[in-house]
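Asks: This is the structure I have questions about; it appears just below.
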Amino acid sequence: MRRVTYSMGVSLDGYVVGPDGDFAWPGFSDEVFRFSIQEIQDVGVHLMGRRLYETMLYWEDAAQDPDLDGDRRTWVGLWNPLPKVVFSRTLTSVRGAARLATGGLAEEIERLRAEPGDGDIAIGGATLAAQVADLGLIDAYRIRVFPVLAGGGLPFFDHHARRVDLELVETRTFGTGVVYLHHRVVR
């Protein structure tokens, strides 16, 4: 059965976006970007909310940029054809390999888990991930902790009404001070 993973960058004080909407934090480097390329290779489908979808639209046309470096071209080659499911109450259409969700979160995830195919079901966006976590459907958390205190904004972890025990799977420290943590949910 396909795993559901939640992977995002987060400030040391727990925010995916700062109070001003910024997420361009210190520590992002080519090394961290290459790690993201490795991580996306394990994804079979990506679920996201409207805000993350609109942010990631940049990559739909990025291949046309003659100044795009090799790593970013590699990312485009992996990201653009990757199937995506967008959860939105306001969008009426999406581009590229994306489709609008036709069911609720639990129904979409159940259907995707039942489909043949390889790769994780990745959740992107803190708001959507909080809803999936509340349903008890996240199997693993992959967190890149950036060396910054954002001081507020959108939290990585919404307040959950239940305890979730985790098992550490992997850690990695990057030269810029970013720390990667991969935890599996103990069931």
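Here, A, B, ... name the chains of the structure tokens in the order displayed, residue numbers run from 1 inside each chain, and ligands are numbered from 1 in the same displayed order.
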Any chance you could tabulate, as a Markdown table, the residues of segment 27-47 of chain A at most 12 Å from segment 103-124 of chain A with each one's nearest atom pair and distance in Å to one decimal, using only C-alpha atoms, in chain and rising number order?
Replies:
```
| residue | atom | partner | partner_atom | distance |
| --- | --- | --- | --- | --- |
| A:Glu39 | CA | A:Asp120 | CA | 10.1 |
| A:Ile40 | CA | A:Ala122 | CA | 8.9 |
| A:Gln41 | CA | A:Gly119 | CA | 7.9 |
| A:Asp42 | CA | A:Gly119 | CA | 5.1 |
| A:Val43 | CA | A:Gly119 | CA | 4.4 |
| A:Gly44 | CA | A:Gly119 | CA | 3.9 |
| A:Val45 | CA | A:Ile121 | CA | 5.1 |
| A:His46 | CA | A:Ala122 | CA | 4.7 |
| A:Leu47 | CA | A:Ile123 | CA | 4.9 |
```
Asks: For the residues in that selection, give me all heavy atoms as a PDB file, in the first residue's frame.
Replies:
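What follows is the written file part10.pdb:
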```
ATOM      1  N   GLU A  39      14.308  13.384  -3.159  1.00  0.00           N
ATOM      2  CA  GLU A  39      13.069  13.090  -2.435  1.00  0.00           C
ATOM      3  C   GLU A  39      11.877  12.972  -3.381  1.00  0.00           C
ATOM      4  O   GLU A  39      11.048  12.074  -3.236  1.00  0.00           O
ATOM      5  CB  GLU A  39      12.832  14.181  -1.395  1.00  0.00           C
ATOM      6  CG  GLU A  39      11.733  13.867  -0.420  1.00  0.00           C
ATOM      7  CD  GLU A  39      11.596  14.949   0.636  1.00  0.00           C
ATOM      8  OE1 GLU A  39      11.545  16.151   0.283  1.00  0.00           O
ATOM      9  OE2 GLU A  39      11.525  14.582   1.812  1.00  0.00           O
ATOM     10  N   ILE A  40      11.779  13.844  -4.367  1.00  0.00           N
ATOM     11  CA  ILE A  40      10.624  13.835  -5.264  1.00  0.00           C
ATOM     12  C   ILE A  40      10.611  12.580  -6.137  1.00  0.00           C
ATOM     13  O   ILE A  40       9.559  12.173  -6.633  1.00  0.00           O
ATOM     14  CB  ILE A  40      10.550  15.139  -6.109  1.00  0.00           C
ATOM     15  CG1 ILE A  40       9.119  15.382  -6.631  1.00  0.00           C
ATOM     16  CG2 ILE A  40      11.518  15.100  -7.272  1.00  0.00           C
ATOM     17  CD1 ILE A  40       8.138  15.769  -5.586  1.00  0.00           C
ATOM     18  N   GLN A  41      11.753  11.939  -6.302  1.00  0.00           N
ATOM     19  CA  GLN A  41      11.814  10.714  -7.091  1.00  0.00           C
ATOM     20  C   GLN A  41      11.054   9.561  -6.434  1.00  0.00           C
ATOM     21  O   GLN A  41      10.700   8.596  -7.108  1.00  0.00           O
ATOM     22  CB  GLN A  41      13.267  10.329  -7.356  1.00  0.00           C
ATOM     23  CG  GLN A  41      13.952  11.301  -8.280  1.00  0.00           C
ATOM     24  CD  GLN A  41      15.417  10.972  -8.509  1.00  0.00           C
ATOM     25  OE1 GLN A  41      15.864   9.848  -8.334  1.00  0.00           O
ATOM     26  NE2 GLN A  41      16.178  11.979  -8.918  1.00  0.00           N
ATOM     27  N   ASP A  42      10.782   9.678  -5.124  1.00  0.00           N
ATOM     28  CA  ASP A  42      10.032   8.644  -4.406  1.00  0.00           C
ATOM     29  C   ASP A  42       8.528   8.928  -4.378  1.00  0.00           C
ATOM     30  O   ASP A  42       7.774   8.204  -3.742  1.00  0.00           O
ATOM     31  CB  ASP A  42      10.527   8.526  -2.961  1.00  0.00           C
ATOM     32  CG  ASP A  42      11.942   7.984  -2.880  1.00  0.00           C
ATOM     33  OD1 ASP A  42      12.355   7.238  -3.798  1.00  0.00           O
ATOM     34  OD2 ASP A  42      12.636   8.314  -1.909  1.00  0.00           O
ATOM     35  N   VAL A  43       8.101   9.994  -5.053  1.00  0.00           N
ATOM     36  CA  VAL A  43       6.697  10.402  -5.024  1.00  0.00           C
ATOM     37  C   VAL A  43       6.000   9.925  -6.289  1.00  0.00           C
ATOM     38  O   VAL A  43       6.515  10.082  -7.394  1.00  0.00           O
ATOM     39  CB  VAL A  43       6.588  11.941  -4.886  1.00  0.00           C
ATOM     40  CG1 VAL A  43       5.146  12.399  -5.003  1.00  0.00           C
ATOM     41  CG2 VAL A  43       7.187  12.385  -3.554  1.00  0.00           C
ATOM     42  N   GLY A  44       4.809   9.359  -6.102  1.00  0.00           N
ATOM     43  CA  GLY A  44       3.997   8.906  -7.235  1.00  0.00           C
ATOM     44  C   GLY A  44       2.883   9.864  -7.570  1.00  0.00           C
ATOM     45  O   GLY A  44       2.428   9.933  -8.719  1.00  0.00           O
ATOM     46  N   VAL A  45       2.409  10.601  -6.579  1.00  0.00           N
ATOM     47  CA  VAL A  45       1.351  11.599  -6.769  1.00  0.00           C
ATOM     48  C   VAL A  45       1.483  12.620  -5.648  1.00  0.00           C
ATOM     49  O   VAL A  45       1.861  12.280  -4.528  1.00  0.00           O
ATOM     50  CB  VAL A  45      -0.055  10.958  -6.790  1.00  0.00           C
ATOM     51  CG1 VAL A  45      -0.373  10.231  -5.493  1.00  0.00           C
ATOM     52  CG2 VAL A  45      -1.138  11.967  -7.122  1.00  0.00           C
ATOM     53  N   HIS A  46       1.188  13.872  -5.966  1.00  0.00           N
ATOM     54  CA  HIS A  46       1.341  14.946  -4.986  1.00  0.00           C
ATOM     55  C   HIS A  46      -0.006  15.621  -4.762  1.00  0.00           C
ATOM     56  O   HIS A  46      -0.633  16.082  -5.711  1.00  0.00           O
ATOM     57  CB  HIS A  46       2.368  15.966  -5.496  1.00  0.00           C
ATOM     58  CG  HIS A  46       3.005  16.767  -4.417  1.00  0.00           C
ATOM     59  ND1 HIS A  46       2.345  17.766  -3.747  1.00  0.00           N
ATOM     60  CD2 HIS A  46       4.242  16.713  -3.888  1.00  0.00           C
ATOM     61  CE1 HIS A  46       3.166  18.293  -2.851  1.00  0.00           C
ATOM     62  NE2 HIS A  46       4.311  17.671  -2.913  1.00  0.00           N
ATOM     63  N   LEU A  47      -0.444  15.666  -3.511  1.00  0.00           N
ATOM     64  CA  LEU A  47      -1.687  16.344  -3.139  1.00  0.00           C
ATOM     65  C   LEU A  47      -1.341  17.696  -2.560  1.00  0.00           C
ATOM     66  O   LEU A  47      -0.405  17.806  -1.760  1.00  0.00           O
ATOM     67  CB  LEU A  47      -2.455  15.531  -2.094  1.00  0.00           C
ATOM     68  CG  LEU A  47      -3.280  14.345  -2.587  1.00  0.00           C
ATOM     69  CD1 LEU A  47      -2.454  13.346  -3.337  1.00  0.00           C
ATOM     70  CD2 LEU A  47      -3.983  13.678  -1.429  1.00  0.00           C
TER      71      LEU A  47
END
```
Asks: Need the shell around segment 51-65 of chain A: protein/DNA/RNA residues with any atom at most 10 Å away, counting only C-alpha atoms. Skip same-chain ones fewer than 2 positions apart. Format as a ChimeraX atom specification?
Replies: /A:47-49,67-69,72-77,79-81,84-88,94-98,124-128
Asks: Output as a PyMOL selection string all residues of segment 14-125 of chain A that backbone DSSP marks as alpha helix (DSSP H).
Replies: chain A and resi 30-40+50-56+58-62+70-79+105-114
Asks: Quick one: distance from atom CA of Arg3 of chain A to atom CA of Thr90 of chain A in Å, one decimal?
Replies: 28.2 Å
Asks: Just want the 9 Å neighbourhood of segment 174-187 of chain A, counted on only C-alpha atoms, with same-chain residues fewer than 6 positions away dropped. Output as a PyMOL selection string.
Replies: chain A and resi 5+7+9+26-29+31-32+138-147+164-168
Asks: Which one is closest to Asp158 of chain A: A:Leu100, A:Val16, A:Leu137, A:Met1? Count only C-alpha atoms.
Replies: A:Val16
Asks: Mind giving me the straight-line distance from atom CA of Ala24 of chain A to atom CA of Ser11 of chain A in Å, one decimal?
Replies: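 Atom CA of Ser11 of chain A lies 10.3 Å from atom CA of Ala24 of chain A.
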Asks: Please return as number ranges by chain: the residues of chain A that backbone DSSP assigns to strand (DSSP E).
Replies: A: 4-11, 15-17, 43-49, 84-87, 98-100, 120-124, 140-146, 154-155, 166-173, 179-185
Asks: Can you tell me how far atom CA of Leu154 of chain A sits from atom CA of Pro19 of chain A, in Å to one decimal?
Replies: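 Computing it gives 7.3 Å between the two atoms.
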Asks: Hey, what's within 12 Å of Asp20 of chain A if we count only C-alpha atoms and toss same-chain stuff fewer than 6 positions away? As a ChimeraX atom specification, please?
Replies: /A:150-154
Asks: With N, CA, C and O atoms retained, export the selected residues as a short mmCIF file (atom, residue, chain, number, x, y, z; two decimals), in the first residue's frame.
Replies:
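Generated file (selection_14.cif):
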```cif
data_model
loop_
_atom_site.label_atom_id
_atom_site.label_comp_id
_atom_site.auth_asym_id
_atom_site.auth_seq_id
_atom_site.Cartn_x
_atom_site.Cartn_y
_atom_site.Cartn_z
N ALA A 150 11.08 32.41 12.48
CA ALA A 150 10.17 33.23 11.66
C ALA A 150 9.35 34.19 12.51
O ALA A 150 8.92 35.22 12.02
N GLY A 151 9.09 33.83 13.75
CA GLY A 151 8.35 34.72 14.64
C GLY A 151 6.85 34.69 14.45
O GLY A 151 6.14 35.52 15.01
N GLY A 152 6.35 33.78 13.67
CA GLY A 152 4.91 33.68 13.42
C GLY A 152 4.67 33.30 11.98
O GLY A 152 5.60 33.17 11.19
N GLY A 153 3.41 33.13 11.64
CA GLY A 153 3.05 32.75 10.28
C GLY A 153 2.18 31.52 10.27
O GLY A 153 1.39 31.28 11.19
N LEU A 154 2.33 30.70 9.25
CA LEU A 154 1.55 29.47 9.08
C LEU A 154 2.33 28.31 9.70
O LEU A 154 3.44 28.00 9.24
#
```
